[in-house]
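Have a look at the structure below, then the notes.
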Amino acid sequence: MIDLRSDTLTLPTEEMRKVIADAIVGDDCYGEDGSVVELEEYCKQLFCVEDALFVPTGTMANQLAIKSQVTEVVTYVS
């Protein structure tokens, strides 16, 4: 059985540790993280869309989806 509850329940293999240690990293906010840029480019082509954005959590993705589709209404109670 595969336990998908959390990545904290499993330990990375030596191969995974090597890939992590050898990864080229950069600041994603400035488009300097090559793996994120590559993932966004791949998704852009896969879904035939103008652009793609990586976000690190499902909650963040859900918030972006909601905010892109709903007009925020501000109500003042006096």
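So you can find residues: chains in the structure tokens are A, B, ... in the order shown, residues in each start at 1, and ligands are numbered from 1 in order.
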List the spatial neighbours of Cys29 of chain A as a compact mmCIF listing (two decimals) with C-alpha atoms, in the first residue's frame - criterion: any atom at most 12 Å away, only C-alpha atoms, same-chain residues fewer than 3 positions off excluded.
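Below is the file part_7.txt, written as the result:
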```
# COMPACT_ATOMS: atom_id res chain seq x y z
CA GLY A 26 17.38 30.36 -8.13
CA GLU A 32 15.72 32.54 -11.95
CA ASP A 33 14.67 29.02 -10.83
CA GLY A 34 15.27 26.87 -13.89
CA VAL A 36 10.13 26.18 -12.09
CA VAL A 37 10.57 27.94 -15.43
CA LEU A 53 2.16 29.89 -12.94
CA PHE A 54 3.60 27.50 -10.37
CA VAL A 55 2.31 27.86 -6.81
```
| message | Can you pull out every residue from chain A that DSSP, working from the backbone, puts in helix (DSSP H, G or I), and format the result as an NGL selection string? | response | :A and (7-9 or 14-22 or 28-30 or 34-46 or 58-69)
Go ahead and dump the residues you just picked, N, CA and C atoms, as a short mmCIF file (atom, residue, chain, number, x, y, z; two decimals), in the first residue's frame.
```cif
data_model
loop_
_atom_site.label_atom_id
_atom_site.label_comp_id
_atom_site.auth_asym_id
_atom_site.auth_seq_id
_atom_site.Cartn_x
_atom_site.Cartn_y
_atom_site.Cartn_z
N ASP A 7 4.31 13.93 2.86
CA ASP A 7 5.71 13.66 2.50
C ASP A 7 6.60 13.57 3.73
N THR A 8 6.06 13.90 4.91
CA THR A 8 6.86 13.79 6.13
C THR A 8 6.91 12.36 6.66
N LEU A 9 6.09 11.48 6.09
CA LEU A 9 6.08 10.08 6.54
C LEU A 9 7.09 9.23 5.80
N GLU A 14 18.64 7.67 -1.59
CA GLU A 14 19.94 8.29 -1.88
C GLU A 14 19.92 8.97 -3.25
N GLU A 15 19.25 8.36 -4.21
CA GLU A 15 19.14 8.96 -5.55
C GLU A 15 18.40 10.30 -5.48
N MET A 16 17.32 10.33 -4.70
CA MET A 16 16.57 11.58 -4.53
C MET A 16 17.43 12.65 -3.85
N ARG A 17 18.18 12.25 -2.84
CA ARG A 17 19.06 13.20 -2.15
C ARG A 17 20.10 13.79 -3.10
N LYS A 18 20.63 12.95 -3.98
CA LYS A 18 21.63 13.41 -4.95
C LYS A 18 21.02 14.43 -5.91
N VAL A 19 19.82 14.12 -6.41
CA VAL A 19 19.15 15.04 -7.32
C VAL A 19 18.89 16.38 -6.62
N ILE A 20 18.44 16.32 -5.38
CA ILE A 20 18.18 17.55 -4.61
C ILE A 20 19.47 18.34 -4.42
N ALA A 21 20.55 17.64 -4.04
CA ALA A 21 21.83 18.31 -3.79
C ALA A 21 22.41 18.93 -5.05
N ASP A 22 22.18 18.29 -6.20
CA ASP A 22 22.75 18.77 -7.46
C ASP A 22 21.85 19.74 -8.22
N ASP A 28 12.61 32.17 -7.69
CA ASP A 28 11.47 32.04 -8.59
C ASP A 28 10.78 33.38 -8.83
N CYS A 29 10.82 34.28 -7.85
CA CYS A 29 10.16 35.59 -8.00
C CYS A 29 10.75 36.39 -9.16
N TYR A 30 12.00 36.12 -9.48
CA TYR A 30 12.67 36.82 -10.57
C TYR A 30 12.86 35.94 -11.79
N GLY A 34 15.39 27.58 -12.62
CA GLY A 34 15.27 26.87 -13.89
C GLY A 34 14.23 25.77 -13.89
N SER A 35 14.12 25.03 -12.78
CA SER A 35 13.15 23.94 -12.74
C SER A 35 11.72 24.46 -12.75
N VAL A 36 11.47 25.59 -12.09
CA VAL A 36 10.13 26.18 -12.09
C VAL A 36 9.81 26.74 -13.47
N VAL A 37 10.77 27.40 -14.07
CA VAL A 37 10.57 27.94 -15.43
C VAL A 37 10.27 26.80 -16.40
N GLU A 38 11.01 25.71 -16.28
CA GLU A 38 10.80 24.54 -17.15
C GLU A 38 9.42 23.93 -16.93
N LEU A 39 8.99 23.82 -15.67
CA LEU A 39 7.67 23.27 -15.36
C LEU A 39 6.57 24.17 -15.91
N GLU A 40 6.69 25.47 -15.71
CA GLU A 40 5.68 26.40 -16.23
C GLU A 40 5.61 26.35 -17.75
N GLU A 41 6.74 26.27 -18.40
CA GLU A 41 6.78 26.18 -19.86
C GLU A 41 6.13 24.88 -20.34
N TYR A 42 6.42 23.78 -19.66
CA TYR A 42 5.84 22.49 -20.00
C TYR A 42 4.31 22.54 -19.88
N CYS A 43 3.81 23.09 -18.77
CA CYS A 43 2.37 23.18 -18.54
C CYS A 43 1.70 24.11 -19.54
N LYS A 44 2.39 25.19 -19.88
CA LYS A 44 1.87 26.13 -20.88
C LYS A 44 1.64 25.42 -22.21
N GLN A 45 2.59 24.62 -22.62
CA GLN A 45 2.47 23.88 -23.88
C GLN A 45 1.46 22.74 -23.77
N LEU A 46 1.46 22.05 -22.65
CA LEU A 46 0.57 20.92 -22.45
C LEU A 46 -0.90 21.33 -22.52
N GLY A 58 -1.82 23.66 -2.81
CA GLY A 58 -3.18 23.60 -3.36
C GLY A 58 -4.03 24.74 -2.85
N THR A 59 -3.84 25.12 -1.59
CA THR A 59 -4.60 26.23 -1.01
C THR A 59 -4.33 27.52 -1.78
N MET A 60 -3.06 27.76 -2.09
CA MET A 60 -2.69 28.96 -2.84
C MET A 60 -3.32 28.92 -4.24
N ALA A 61 -3.29 27.76 -4.87
CA ALA A 61 -3.88 27.62 -6.21
C ALA A 61 -5.38 27.87 -6.15
N ASN A 62 -6.05 27.34 -5.13
CA ASN A 62 -7.50 27.55 -4.99
C ASN A 62 -7.82 29.02 -4.78
N GLN A 63 -7.04 29.71 -3.95
CA GLN A 63 -7.26 31.13 -3.72
C GLN A 63 -7.09 31.94 -5.00
N LEU A 64 -6.07 31.62 -5.78
CA LEU A 64 -5.87 32.32 -7.05
C LEU A 64 -7.02 32.06 -8.01
N ALA A 65 -7.50 30.82 -8.06
CA ALA A 65 -8.63 30.49 -8.94
C ALA A 65 -9.88 31.26 -8.54
N ILE A 66 -10.17 31.30 -7.25
CA ILE A 66 -11.35 32.03 -6.78
C ILE A 66 -11.23 33.51 -7.07
N LYS A 67 -10.09 34.09 -6.72
CA LYS A 67 -9.91 35.54 -6.92
C LYS A 67 -9.90 35.95 -8.38
N SER A 68 -9.55 35.02 -9.27
CA SER A 68 -9.56 35.36 -10.69
C SER A 68 -10.96 35.32 -11.29
N GLN A 69 -11.91 34.70 -10.58
CA GLN A 69 -13.25 34.53 -11.12
C GLN A 69 -14.33 35.32 -10.39
#
```
| message | So the first atom is atom CA of Gly31 of chain A and the second is atom CA of Ala52 of chain A; what is the distance between them in Å, to one decimal place? | response |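 Taking atom CA of Gly31 of chain A as the start and atom CA of Ala52 of chain A as the end point, the length is 12.4 Å.
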